[in-house]
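**Student:** This is the structure, below, for whatever I ask next.
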Amino acid sequence: MVINTKIVLSSASILASLAIISVATFAYFSNQGTSNDNVFAAGTLDLKLSDNTPETDQDNVTASFGGTNLAPGASVSGQLRLKNTGSIAASHAEVALVNTNSDITNPLDKVLELTTLDYGGVSVLSQVINNNGNGWTDLDDLKSSGLDNLALTDLNTNHNLDLTVTFRSDAGNEYQGDSVDSDWTVTLNQDASQ
């Protein structure tokens, strides 16, 4: 018996077509849902400063500390309030100073002794190292050391930085008419290692 290959191939093709049609006629249920608007957004740190002037919750304030017409033995106090008004908690704040003395031969910041330096009611004077070796902790030492690890973890709460400076009573005539302009930069950090 002779088998015609054309007939076999045609039969195979017909059977394959029938198999595909029969599978395609079966229906299955399906259903799907969508999760929309999946937004990822970074939070913010927003340091605001206030002091004993009308400036409240500002990015920058002026004249938080200082005094004029100081005589030897006189003291002057001031306060700078730090607040994070952002959306995420910070770890800490740090303070850096730049002092510009009117007389570089007899810099006034070296005879302005820090008698009080408190943060949140706790003394942070121990953070200031007597770098200039004059025997007391002064505004020049604060410039060299700065302040670090000032805890500021809660939101929308003032943290007070209080300073009292005393013009040394043993300061001589060479300081008459001198001044120092002290600029304080506060940095708010989220990471404890910063």
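Letters A, B, ... go to the chains of the structure tokens in the order shown; residues in each chain start at 1; ligands are counted from 1 in the same order.
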Hey, what's within 10 Å of Leu152 (chain A) if we count only C-alpha atoms and toss same-chain stuff fewer than 6 positions away? As an NGL selection string, please?
**Tutor:** :A and (82-84 or 89-94 or 120 or 158-159 or 188-190)
**Student:** Once you have the residues from the selection above, write them out as a compact mmCIF listing (two decimals), in the first residue's frame, restricted to C-alpha atoms.
**Tutor:**
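Written output follows (again.txt):
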# COMPACT_ATOMS: atom_id res chain seq x y z
CA LEU A 82 16.81 76.77 66.90
CA LYS A 83 13.79 74.95 65.47
CA ASN A 84 13.29 72.28 62.80
CA ALA A 89 13.51 64.66 62.44
CA ALA A 90 17.11 65.80 62.54
CA SER A 91 19.89 64.28 64.60
CA HIS A 92 21.68 67.40 65.78
CA ALA A 93 22.78 70.93 65.08
CA GLU A 94 26.26 72.37 64.97
CA GLY A 120 18.50 73.53 76.25
CA ASN A 158 12.50 75.75 70.08
CA HIS A 159 15.90 74.77 71.46
CA LEU A 188 21.04 71.13 61.03
CA ASN A 189 22.06 67.53 60.30
CA GLN A 190 19.93 64.44 59.90
**Student:** Would you mind listing what lies within 7 Å of region 143-148 of chain A as a list in words, with only C-alpha atoms counted and same-chain residues fewer than 6 positions away left out?
**Tutor:**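 The residues satisfying every condition are Ala93, Glu94, Val95, Ala96, Leu97, Val98, Asn99, Gln127, Val128, Ile129 and Asn131 of chain A.
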**Student:** If you count only C-alpha atoms, which residues fall within 12 Å of Asp109 (chain A), apart from same-chain ones fewer than 6 positions away, as a CSV table (one decimal) with C-alpha atoms, in the first residue's frame?
**Tutor:**
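File produced: result00.csv:
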chain,number,residue,atom,x,y,z
A,66,GLY,CA,26.4,91.4,71.3
A,97,LEU,CA,31.7,81.1,64.1
A,98,VAL,CA,33.6,83.6,62.0
A,99,ASN,CA,35.0,86.5,64.1
A,100,THR,CA,36.2,89.6,62.4
A,101,ASN,CA,38.2,91.8,64.8
A,102,SER,CA,38.6,95.6,64.1
A,103,ASP,CA,42.2,95.4,65.6
A,132,ASN,CA,44.6,80.3,72.4
A,134,ASN,CA,45.2,82.5,77.6
A,136,TRP,CA,40.1,81.3,80.1
A,137,THR,CA,37.4,80.3,77.5
A,138,ASP,CA,36.6,83.2,75.2
A,139,LEU,CA,34.9,84.0,72.0
A,140,ASP,CA,38.1,83.3,70.0
A,141,ASP,CA,38.1,79.7,71.5
A,142,LEU,CA,34.5,79.3,70.5
A,143,LYS,CA,35.4,80.3,66.9
A,144,SER,CA,38.2,77.6,66.9
A,165,VAL,CA,30.0,87.1,77.6
A,166,THR,CA,32.0,89.1,80.1
A,167,PHE,CA,34.5,91.7,78.9
A,168,ARG,CA,37.5,90.7,81.0
A,171,ALA,CA,41.6,94.1,79.7
A,175,TYR,CA,41.1,97.5,73.6
A,178,ASP,CA,37.8,97.9,69.4
A,179,SER,CA,35.1,95.7,68.2
A,180,VAL,CA,34.5,92.2,66.9
A,181,ASP,CA,31.8,91.1,64.4
A,182,SER,CA,30.9,87.5,65.2
**Student:** DSSP on the backbone, then: every residue of region 94-183 of chain A marked strand (DSSP E or B), written as a ChimeraX atom specification.
**Tutor:** /A:94-101,112-119,122-123,138,147-151,159-167,180-183
**Student:** Pick the closest to Asn60 (chain A) from A:Leu15, A:Val76, A:Arg81, A:Ala27: which is it, counting only C-alpha atoms?
**Tutor:**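 For Asn60 (chain A), the nearest of the candidates is A:Arg81.
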**Student:** For Asp162 (chain A), which of A:Ser10, A:Asn4, A:Ser77, A:Thr68 is the closest residue, counting only C-alpha atoms?
**Tutor:**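 Of all the options, A:Ser77 lies closest to Asp162 (chain A).
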**Student:** Pick the closest to Ala42 (chain A) from A:Leu155, A:Ile104, A:Ile88, A:Leu125: which is it, counting only C-alpha atoms?
**Tutor:** A:Ile88
**Student:** Name the closest residue to Leu70 (chain A) among the candidates A:Leu108, A:Ser17, A:Asp51, A:Thr153; distances are taken between atoms, counting only C-alpha atoms.
**Tutor:**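 Of all the options, A:Leu108 lies closest to Leu70 (chain A).
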